[in-house]
Every structure is written in structure tokens, then in C-alpha cells.
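Raw work-v3.cif, mmCIF, C-alpha atoms:
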```cif
data_model
loop_
_atom_site.group_PDB
_atom_site.id
_atom_site.type_symbol
_atom_site.label_atom_id
_atom_site.label_comp_id
_atom_site.auth_asym_id
_atom_site.auth_seq_id
_atom_site.Cartn_x
_atom_site.Cartn_y
_atom_site.Cartn_z
ATOM 1 C CA MET A 20 -241.099 3.604 15.176
ATOM 2 C CA SER A 21 -238.955 0.820 13.762
ATOM 3 C CA VAL A 22 -236.388 1.491 11.058
ATOM 4 C CA PRO A 23 -236.377 -0.899 8.085
ATOM 5 C CA ILE A 24 -232.897 -2.205 7.478
ATOM 6 C CA ALA A 25 -231.678 -2.283 3.895
ATOM 7 C CA ALA A 26 -230.206 -5.496 2.458
ATOM 8 C CA LYS A 27 -226.583 -4.391 2.820
ATOM 9 C CA LYS A 28 -223.813 -4.659 5.352
ATOM 10 C CA LEU A 29 -225.050 -3.547 8.762
ATOM 11 C CA ARG A 30 -222.306 -1.556 10.462
ATOM 12 C CA ILE A 31 -222.527 -1.361 14.249
ATOM 13 C CA GLY A 32 -220.264 0.819 16.366
ATOM 14 C CA VAL A 33 -219.797 -0.195 20.011
ATOM 15 C CA MET A 34 -218.510 2.329 22.545
ATOM 16 C CA LEU A 35 -217.256 0.015 25.274
ATOM 17 C CA GLU A 36 -214.120 1.679 26.631
ATOM 18 C CA GLU A 37 -214.206 1.629 30.469
ATOM 19 C CA VAL A 38 -217.813 0.372 30.616
ATOM 20 C CA GLN A 39 -219.282 -2.625 32.383
ATOM 21 C CA LEU A 40 -219.205 -5.768 30.280
ATOM 22 C CA ALA A 41 -222.933 -6.261 30.938
ATOM 23 C CA ASP A 42 -223.706 -2.902 29.305
ATOM 24 C CA ILE A 43 -222.831 -4.148 25.832
ATOM 25 C CA VAL A 44 -223.603 -7.874 26.108
ATOM 26 C CA GLY A 45 -226.697 -7.295 23.956
ATOM 27 C CA ILE A 46 -224.433 -7.209 20.904
ATOM 28 C CA ASP A 47 -224.598 -11.012 21.030
ATOM 29 C CA ILE A 48 -228.237 -10.702 19.985
ATOM 30 C CA PHE A 49 -227.031 -9.017 16.814
ATOM 31 C CA GLY A 50 -224.169 -11.492 16.518
ATOM 32 C CA ASN A 51 -226.506 -14.484 16.535
ATOM 33 C CA ILE A 52 -228.372 -13.215 13.472
ATOM 34 C CA SER A 53 -225.184 -12.497 11.538
ATOM 35 C CA GLU A 54 -224.203 -14.401 8.406
ATOM 36 C CA THR A 55 -221.115 -15.750 10.161
ATOM 37 C CA TYR A 56 -223.030 -17.190 13.109
ATOM 38 C CA VAL A 57 -226.040 -18.480 11.161
ATOM 39 C CA SER A 58 -223.857 -20.243 8.587
ATOM 40 C CA GLY A 59 -221.862 -21.817 11.399
ATOM 41 C CA VAL A 60 -225.011 -23.154 13.047
ATOM 42 C CA ILE A 61 -226.311 -24.492 9.724
ATOM 43 C CA SER A 62 -223.016 -26.307 9.134
ATOM 44 C CA VAL A 63 -223.510 -28.363 12.304
ATOM 45 C CA ASP A 64 -227.314 -28.686 12.142
ATOM 46 C CA PRO A 65 -228.953 -28.326 8.708
ATOM 47 C CA LYS A 66 -232.425 -28.004 10.214
ATOM 48 C CA TYR A 67 -231.672 -24.278 10.558
ATOM 49 C CA SER A 68 -231.040 -23.905 6.803
ATOM 50 C CA LYS A 69 -234.325 -22.086 6.276
ATOM 51 C CA TYR A 70 -232.920 -19.161 8.231
ATOM 52 C CA GLY A 71 -229.878 -18.788 5.992
ATOM 53 C CA PRO A 72 -231.536 -16.261 3.640
ATOM 54 C CA HIS A 73 -232.473 -14.093 6.627
ATOM 55 C CA ALA A 74 -228.926 -13.818 8.011
ATOM 56 C CA VAL A 75 -227.525 -10.289 8.209
ATOM 57 C CA ASP A 76 -224.104 -9.220 6.981
ATOM 58 C CA ILE A 77 -222.801 -7.401 10.080
ATOM 59 C CA GLU A 78 -219.562 -5.568 10.732
ATOM 60 C CA PHE A 79 -218.740 -4.531 14.299
ATOM 61 C CA PHE A 80 -216.543 -1.555 15.162
ATOM 62 C CA TYR A 81 -215.191 -1.844 18.712
ATOM 63 C CA ILE A 82 -214.228 1.755 19.352
ATOM 64 C CA ALA A 83 -211.765 3.246 21.822
ATOM 65 C CA THR A 84 -209.449 6.224 22.116
ATOM 66 C CA THR A 85 -206.461 4.248 20.801
ATOM 67 C CA LEU A 86 -205.893 0.750 19.403
ATOM 68 C CA GLU A 87 -204.014 -0.228 22.542
ATOM 69 C CA THR A 88 -205.553 -2.809 24.870
ATOM 70 C CA SER A 89 -208.387 -1.123 26.768
ATOM 71 C CA PHE A 90 -210.144 -2.153 29.926
ATOM 72 C CA MET A 91 -213.688 -2.813 31.023
ATOM 73 C CA THR A 92 -215.126 -3.903 34.331
ATOM 74 C CA PRO A 93 -215.344 -6.067 36.417
ATOM 75 C CA PRO A 94 -212.328 -4.580 38.180
ATOM 76 C CA GLN A 95 -209.321 -6.289 39.671
ATOM 77 C CA ALA A 96 -208.552 -5.651 43.319
ATOM 78 C CA GLY A 97 -207.100 -2.180 43.720
ATOM 79 C CA GLN A 98 -207.690 -1.045 40.149
ATOM 80 C CA MET A 99 -210.638 -0.103 37.977
ATOM 81 C CA GLY A 100 -209.861 -2.266 34.961
ATOM 82 C CA GLY A 101 -209.789 -6.039 34.922
ATOM 83 C CA PHE A 102 -211.277 -7.358 31.695
ATOM 84 C CA LYS A 103 -209.221 -6.258 28.683
ATOM 85 C CA PHE A 104 -210.226 -5.974 25.033
ATOM 86 C CA VAL A 105 -208.430 -4.992 21.845
ATOM 87 C CA PRO A 106 -210.256 -2.214 19.925
ATOM 88 C CA ASN A 107 -210.384 -2.468 16.140
ATOM 89 C CA MET A 108 -211.191 1.210 15.557
ATOM 90 C CA THR A 109 -210.371 4.562 17.144
ATOM 91 C CA TYR A 110 -212.847 7.399 17.604
ATOM 92 C CA ASP A 111 -210.765 9.519 15.249
ATOM 93 C CA ASP A 112 -210.834 6.969 12.422
ATOM 94 C CA CYS A 113 -214.278 5.424 12.866
ATOM 95 C CA PRO A 114 -216.772 6.104 10.059
ATOM 96 C CA ARG A 115 -219.441 8.588 11.092
ATOM 97 C CA ASP A 116 -222.175 7.113 8.893
ATOM 98 C CA LEU A 117 -222.708 3.839 10.749
ATOM 99 C CA ASP A 118 -226.112 2.136 10.901
ATOM 100 C CA ILE A 119 -226.203 1.717 14.675
ATOM 101 C CA VAL A 120 -224.093 3.015 17.551
ATOM 102 C CA LEU A 121 -224.332 1.347 20.965
ATOM 103 C CA THR A 122 -222.974 3.420 23.860
ATOM 104 C CA GLY A 123 -222.282 1.774 27.194
ATOM 105 C CA GLY A 124 -221.974 3.702 30.422
ATOM 106 C CA PRO A 125 -218.529 4.545 31.812
ATOM 107 C CA MET A 126 -217.988 6.549 34.969
ATOM 108 C CA PRO A 127 -218.576 10.311 34.481
ATOM 109 C CA THR A 128 -214.833 10.802 34.889
ATOM 110 C CA HIS A 129 -214.290 9.086 31.524
ATOM 111 C CA ARG A 130 -214.931 11.723 28.896
ATOM 112 C CA PRO A 131 -212.198 11.516 26.231
ATOM 113 C CA PRO A 132 -212.425 14.441 23.821
ATOM 114 C CA GLN A 133 -212.057 12.049 20.873
ATOM 115 C CA ALA A 134 -215.304 10.315 21.902
ATOM 116 C CA ASP A 135 -217.081 13.648 22.293
ATOM 117 C CA LYS A 136 -216.031 14.634 18.777
ATOM 118 C CA PHE A 137 -217.110 11.264 17.367
ATOM 119 C CA MET A 138 -220.576 11.422 18.950
ATOM 120 C CA LYS A 139 -221.203 14.956 17.719
ATOM 121 C CA GLU A 140 -220.047 14.192 14.181
ATOM 122 C CA ALA A 141 -221.795 10.819 13.883
ATOM 123 C CA TRP A 142 -225.099 11.911 15.454
ATOM 124 C CA THR A 143 -226.879 13.135 12.316
ATOM 125 C CA LYS A 144 -225.210 10.577 10.037
ATOM 126 C CA THR A 145 -226.163 7.450 12.037
ATOM 127 C CA PRO A 146 -229.877 6.572 11.982
ATOM 128 C CA VAL A 147 -230.069 4.471 15.152
ATOM 129 C CA TRP A 148 -228.334 5.328 18.421
ATOM 130 C CA MET A 149 -228.653 3.117 21.497
ATOM 131 C CA THR A 150 -227.439 3.667 25.047
ATOM 132 C CA THR A 151 -227.455 1.366 28.041
ATOM 133 C CA CYS A 152 -227.120 2.189 31.726
ATOM 134 C CA ILE A 153 -225.458 5.591 32.189
ATOM 135 C CA GLY A 154 -224.367 5.656 28.568
ATOM 136 C CA SER A 155 -227.205 8.122 28.078
ATOM 137 C CA ILE A 156 -225.524 10.456 30.579
ATOM 138 C CA TRP A 157 -222.318 10.177 28.549
ATOM 139 C CA LEU A 158 -224.252 11.035 25.372
ATOM 140 C CA ALA A 159 -226.012 13.893 27.190
ATOM 141 C CA SER A 160 -222.612 15.427 27.988
ATOM 142 C CA THR A 161 -222.361 16.357 24.291
ATOM 143 C CA GLY A 162 -225.556 18.440 24.410
ATOM 144 C CA LEU A 163 -227.218 16.160 21.838
ATOM 145 C CA LEU A 164 -229.993 15.081 24.202
ATOM 146 C CA GLU A 165 -231.326 18.580 24.886
ATOM 147 C CA GLY A 166 -235.109 18.434 24.543
ATOM 148 C CA LYS A 167 -235.143 14.639 24.177
ATOM 149 C CA THR A 168 -237.049 12.196 26.401
ATOM 150 C CA CYS A 169 -234.612 9.584 27.696
ATOM 151 C CA THR A 170 -233.908 7.194 30.505
ATOM 152 C CA THR A 171 -230.824 5.966 32.305
ATOM 153 C CA ASN A 172 -230.012 3.613 35.157
ATOM 154 C CA LYS A 173 -232.887 4.289 37.559
ATOM 155 C CA GLU A 174 -230.475 4.636 40.487
ATOM 156 C CA PHE A 175 -228.879 7.629 38.745
ATOM 157 C CA LEU A 176 -231.983 9.413 37.471
ATOM 158 C CA ASP A 177 -231.723 12.166 40.071
ATOM 159 C CA MET A 178 -228.083 12.723 39.156
ATOM 160 C CA ALA A 179 -228.950 12.857 35.445
ATOM 161 C CA LYS A 180 -231.689 15.428 36.078
ATOM 162 C CA LYS A 181 -229.274 17.649 37.996
ATOM 163 C CA MET A 182 -226.440 17.308 35.488
ATOM 164 C CA TYR A 183 -228.521 17.730 32.314
ATOM 165 C CA PRO A 184 -231.859 19.388 33.155
ATOM 166 C CA GLY A 185 -232.545 20.119 29.488
ATOM 167 C CA THR A 186 -233.293 16.433 28.901
ATOM 168 C CA ASN A 187 -236.618 14.947 29.993
ATOM 169 C CA TRP A 188 -235.409 12.037 32.121
ATOM 170 C CA VAL A 189 -238.088 9.394 32.824
ATOM 171 C CA ARG A 190 -238.168 6.280 34.969
ATOM 172 C CA GLN A 191 -238.666 3.627 32.311
ATOM 173 C CA ARG A 192 -236.842 0.429 31.303
ATOM 174 C CA TRP A 193 -236.215 1.854 27.862
ATOM 175 C CA VAL A 194 -237.420 4.776 25.791
ATOM 176 C CA VAL A 195 -237.661 5.174 22.009
ATOM 177 C CA GLU A 196 -237.391 8.751 20.785
ATOM 178 C CA GLU A 197 -236.887 10.400 17.411
ATOM 179 C CA LYS A 198 -233.461 11.824 16.685
ATOM 180 C CA GLU A 199 -231.886 13.922 13.982
ATOM 181 C CA TYR A 200 -230.767 11.987 10.907
ATOM 182 C CA GLU A 201 -229.626 13.476 7.607
ATOM 183 C CA GLY A 202 -228.716 10.318 5.698
ATOM 184 C CA GLY A 203 -231.076 10.981 2.813
ATOM 185 C CA ASP A 204 -232.017 7.307 2.462
ATOM 186 C CA GLY A 205 -235.609 7.547 3.688
ATOM 187 C CA ARG A 206 -234.923 6.225 7.168
ATOM 188 C CA LYS A 207 -235.998 8.124 10.265
ATOM 189 C CA GLY A 208 -233.596 8.679 13.106
ATOM 190 C CA GLU A 209 -234.193 6.721 16.309
ATOM 191 C CA LEU A 210 -232.753 7.094 19.791
ATOM 192 C CA TRP A 211 -233.137 4.071 22.072
ATOM 193 C CA THR A 212 -232.077 4.667 25.693
ATOM 194 C CA ALA A 213 -232.188 1.933 28.321
ATOM 195 C CA GLY A 214 -231.898 1.787 32.080
ATOM 196 C CA GLY A 215 -229.515 -0.608 33.827
ATOM 197 C CA ALA A 216 -227.568 -3.164 31.821
ATOM 198 C CA GLY A 217 -230.259 -5.859 31.904
ATOM 199 C CA THR A 218 -232.846 -3.525 30.420
ATOM 200 C CA GLY A 219 -230.445 -2.832 27.569
ATOM 201 C CA ILE A 220 -230.482 -6.525 26.665
ATOM 202 C CA ASP A 221 -234.272 -6.478 26.450
ATOM 203 C CA MET A 222 -234.186 -3.230 24.481
ATOM 204 C CA ILE A 223 -231.817 -4.642 21.857
ATOM 205 C CA ALA A 224 -233.925 -7.790 21.649
ATOM 206 C CA ARG A 225 -237.022 -5.712 20.963
ATOM 207 C CA TYR A 226 -235.205 -3.727 18.279
ATOM 208 C CA CYS A 227 -234.078 -6.907 16.537
ATOM 209 C CA LEU A 228 -237.528 -8.517 16.765
ATOM 210 C CA ASP A 229 -239.050 -5.409 15.194
ATOM 211 C CA ASN A 230 -236.524 -5.120 12.384
ATOM 212 C CA PHE A 231 -235.257 -8.550 11.379
ATOM 213 C CA GLY A 232 -238.242 -10.887 11.690
ATOM 214 C CA HIS A 233 -239.758 -12.317 14.853
ATOM 215 C CA GLU A 234 -239.333 -16.028 14.123
ATOM 216 C CA PHE A 235 -235.788 -15.636 12.815
ATOM 217 C CA VAL A 236 -234.575 -13.516 15.741
ATOM 218 C CA ASN A 237 -236.409 -15.556 18.336
ATOM 219 C CA THR A 238 -235.065 -18.879 17.040
ATOM 220 C CA MET A 239 -231.488 -17.997 16.141
ATOM 221 C CA SER A 240 -230.802 -15.484 18.880
ATOM 222 C CA LEU A 241 -233.192 -15.276 21.815
ATOM 223 C CA GLU A 242 -233.883 -18.995 22.170
ATOM 224 C CA MET A 243 -230.229 -19.917 21.688
ATOM 225 C CA LEU A 244 -229.167 -17.316 24.247
ATOM 226 C CA GLU A 245 -232.148 -18.223 26.465
ATOM 227 C CA LEU A 246 -233.331 -14.648 26.743
ATOM 228 C CA ASN A 247 -236.943 -13.786 27.408
ATOM 229 C CA PRO A 248 -237.605 -10.122 26.613
ATOM 230 C CA GLY A 249 -241.071 -8.993 27.563
ATOM 231 C CA GLY A 250 -241.692 -12.193 29.482
ATOM 232 C CA ARG A 251 -241.423 -11.092 33.081
ATOM 233 C CA TYR A 252 -240.307 -7.583 32.209
ATOM 234 C CA GLY A 253 -241.400 -5.334 29.353
ATOM 235 C CA GLN A 254 -240.607 -1.744 28.483
ATOM 236 C CA PHE A 255 -242.040 -0.307 31.722
ATOM 237 C CA TYR A 256 -241.209 -0.908 35.377
ATOM 238 C CA ASP A 257 -244.838 -0.768 36.561
#
```

Encoded form using C-alpha cells:
Amino acid sequence: MSVPIAAKKLRIGVMLEEVQLADIVGIDIFGNISETYVSGVISVDPKYSKYGPHAVDIEFFYIATTLETSFMTPPQAGQMGGFKFVPNMTYDDCPRDLDIVLTGGPMPTHRPPQADKFMKEAWTKTPVWMTTCIGSIWLASTGLLEGKTCTTNKEFLDMAKKMYPGTNWVRQRWVVEEKEYEGGDGRKGELWTAGGAGTGIDMIARYCLDNFGHEFVNTMSLEMLELNPGGRYGQFYD
């Protein structure tokens, strides 16, 4: 069910406000196949030059409610936020027709209306949507996952089933499901939902291997980051 990526700028939106840092660390897998990273590696070691033509022009949108410094976990003593980041895009201003949106999992108390509006408006205009950990529960709060088969952090599956019974929640490391997409460019919509943060890393690795070339992704990203998706763990727990 892979989506072929056109030879153009790949625009990736990352919803990371008040999420665990580990939830979105898989963006480094994308980053390592970007033109910026690949050209940098080639400049210090020309043996990687053969991968230059495969590099992807990627633009990341780090989205939050405002452009003020926002926090992620791990927390400082006595407060939720510790790690700070500077967003480069607000939910209100972010383009709706991105190529990929990655949604991390904040606490259920974090439900800014601007994010709700963004998810609803971008859903049919963005072909690939990914969630990690309880990011799927955040996405489910919009009603967009009604009738979909999804997963979430396995420790919160029971909670997800009670909160959003219209979604078919399954105990799986990640799930690939069709989603609505009205882009008119021949691509099919895909929803990728992962369990806990570590499964999200493997899920993103699998997506990149399927869409950008196995040797290229494995060499420039997975080997350099020393990740081993599908080695000890694959898509299923059992």
C-alpha cells in the first residue's frame, strides 16, 4: 500500500507540541535522506556520491499553537515541560496540502482547538498521515478515525477503546490503513498508526524503505543511525 513520491519537494508537518521527544525522533530517518544531509555526507566522504541523485528535497514544518517557544518532555522536576523547541509554523498558518503529517502523542488534556481545526482541514488534502504512541488518540478526538483500524500505545488500548469505540483498535506495532485523500494527483491516502514511540521509529523506517529505495535508505539513514527495523521486531508483537 505504498505511495510513490513525486520528484518534488517533500513537505512534512510534525505535530510535536507537548509530546515526548521519542515520539517524533523518526523524523531523523527522513532527515538522513534529505538533499541537505546527503550532500553534507558526500562533501566529507565522496564514496557516498552515488546516492546524491536519490536525495530528497525535504521541508519540515514544526507546528505548534503559536511561534513562541514550546515544550516537550522529558519534564523538569515539578513541571511538565523541560525540553524546549522553537516552532516554525502555527496550526492556523500551516499549509493543509502537505505530503506527510506526523502526529506525536500529548496527554489527553492537550487539545488546542487550532490543532483540531488543522487536522480536520488537512485530512483529505494530505495523502500520508502518521501517528506514534497516543497520537492516534489525539487524531481520533477529531472523529476522523471513525470506522478505521488503528493502533496506539498498547498500554492505552483499553482507554482508546472506551474513549473512541467507533475505531477498531488493535494490538499491533503499527497498522497501515487507507484514508480519505482528494488531492487529484493519483496517489491513494494512507494512514500509518504506531504503538509506543519505538514502534513509530520502525514504522517510519518501513515507510522510507518502501518509498525511497531500500539500498539508499538503509545506507544513508538506517545504517548511519544504527537502526534495525524488522530485525528483532517487525510489524506485529507476536

Determine, counting only C-alpha atoms, which protein, DNA and RNA residues have an atom within 6 Å of an atom of region 148-156 of chain A; residues of the same chain fewer than 2 positions away are not included. Present the result as a PDB file with C-alpha atoms, in the frame of the given file.
```pdb
ATOM      1  CA  ASP A  42    -223.706  -2.902  29.305  1.00  0.00           C
ATOM      2  CA  ILE A 119    -226.203   1.717  14.675  1.00  0.00           C
ATOM      3  CA  VAL A 120    -224.093   3.015  17.551  1.00  0.00           C
ATOM      4  CA  LEU A 121    -224.332   1.347  20.965  1.00  0.00           C
ATOM      5  CA  THR A 122    -222.974   3.420  23.860  1.00  0.00           C
ATOM      6  CA  GLY A 123    -222.282   1.774  27.194  1.00  0.00           C
ATOM      7  CA  GLY A 124    -221.974   3.702  30.422  1.00  0.00           C
ATOM      8  CA  LEU A 158    -224.252  11.035  25.372  1.00  0.00           C
ATOM      9  CA  ALA A 159    -226.012  13.893  27.190  1.00  0.00           C
ATOM     10  CA  THR A 171    -230.824   5.966  32.305  1.00  0.00           C
ATOM     11  CA  ASN A 172    -230.012   3.613  35.157  1.00  0.00           C
ATOM     12  CA  LEU A 210    -232.753   7.094  19.791  1.00  0.00           C
ATOM     13  CA  TRP A 211    -233.137   4.071  22.072  1.00  0.00           C
ATOM     14  CA  THR A 212    -232.077   4.667  25.693  1.00  0.00           C
ATOM     15  CA  ALA A 213    -232.188   1.933  28.321  1.00  0.00           C
ATOM     16  CA  GLY A 214    -231.898   1.787  32.080  1.00  0.00           C
ATOM     17  CA  GLY A 215    -229.515  -0.608  33.827  1.00  0.00           C
ATOM     18  CA  ALA A 216    -227.568  -3.164  31.821  1.00  0.00           C
ATOM     19  CA  GLY A 219    -230.445  -2.832  27.569  1.00  0.00           C
TER      20      GLY A 219
END
```

For Ser240 (chain A), which of A:Ile77, A:Ile48, A:Ala83, A:Met138 is the closest residue, counting only C-alpha atoms? A:Ile48

Starting from the displayed file, determine the output of the PyMOL selection byres ((chain A and resi 91) around 12) and express the residue list as JSON, numbers by chain. {"A": [34, 35, 36, 37, 38, 39, 40, 41, 42, 43, 83, 88, 89, 90, 92, 93, 94, 95, 98, 99, 100, 101, 102, 103, 104, 105, 106, 123, 124, 125, 126, 129]}

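Nearest-residue note for Leu29 (chain A): choosing from A:Gly253, A:Pro127, A:Pro65, A:Pro146, the minimum distance belongs to A:Pro146, counting all atoms listed in the file.
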
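Of the residues listed (A:Asp177, A:Tyr183, A:Gly217, A:Val195), A:Tyr183 shows the shortest atom-to-atom separation from Leu163 (chain A); distances use only C-alpha atoms.
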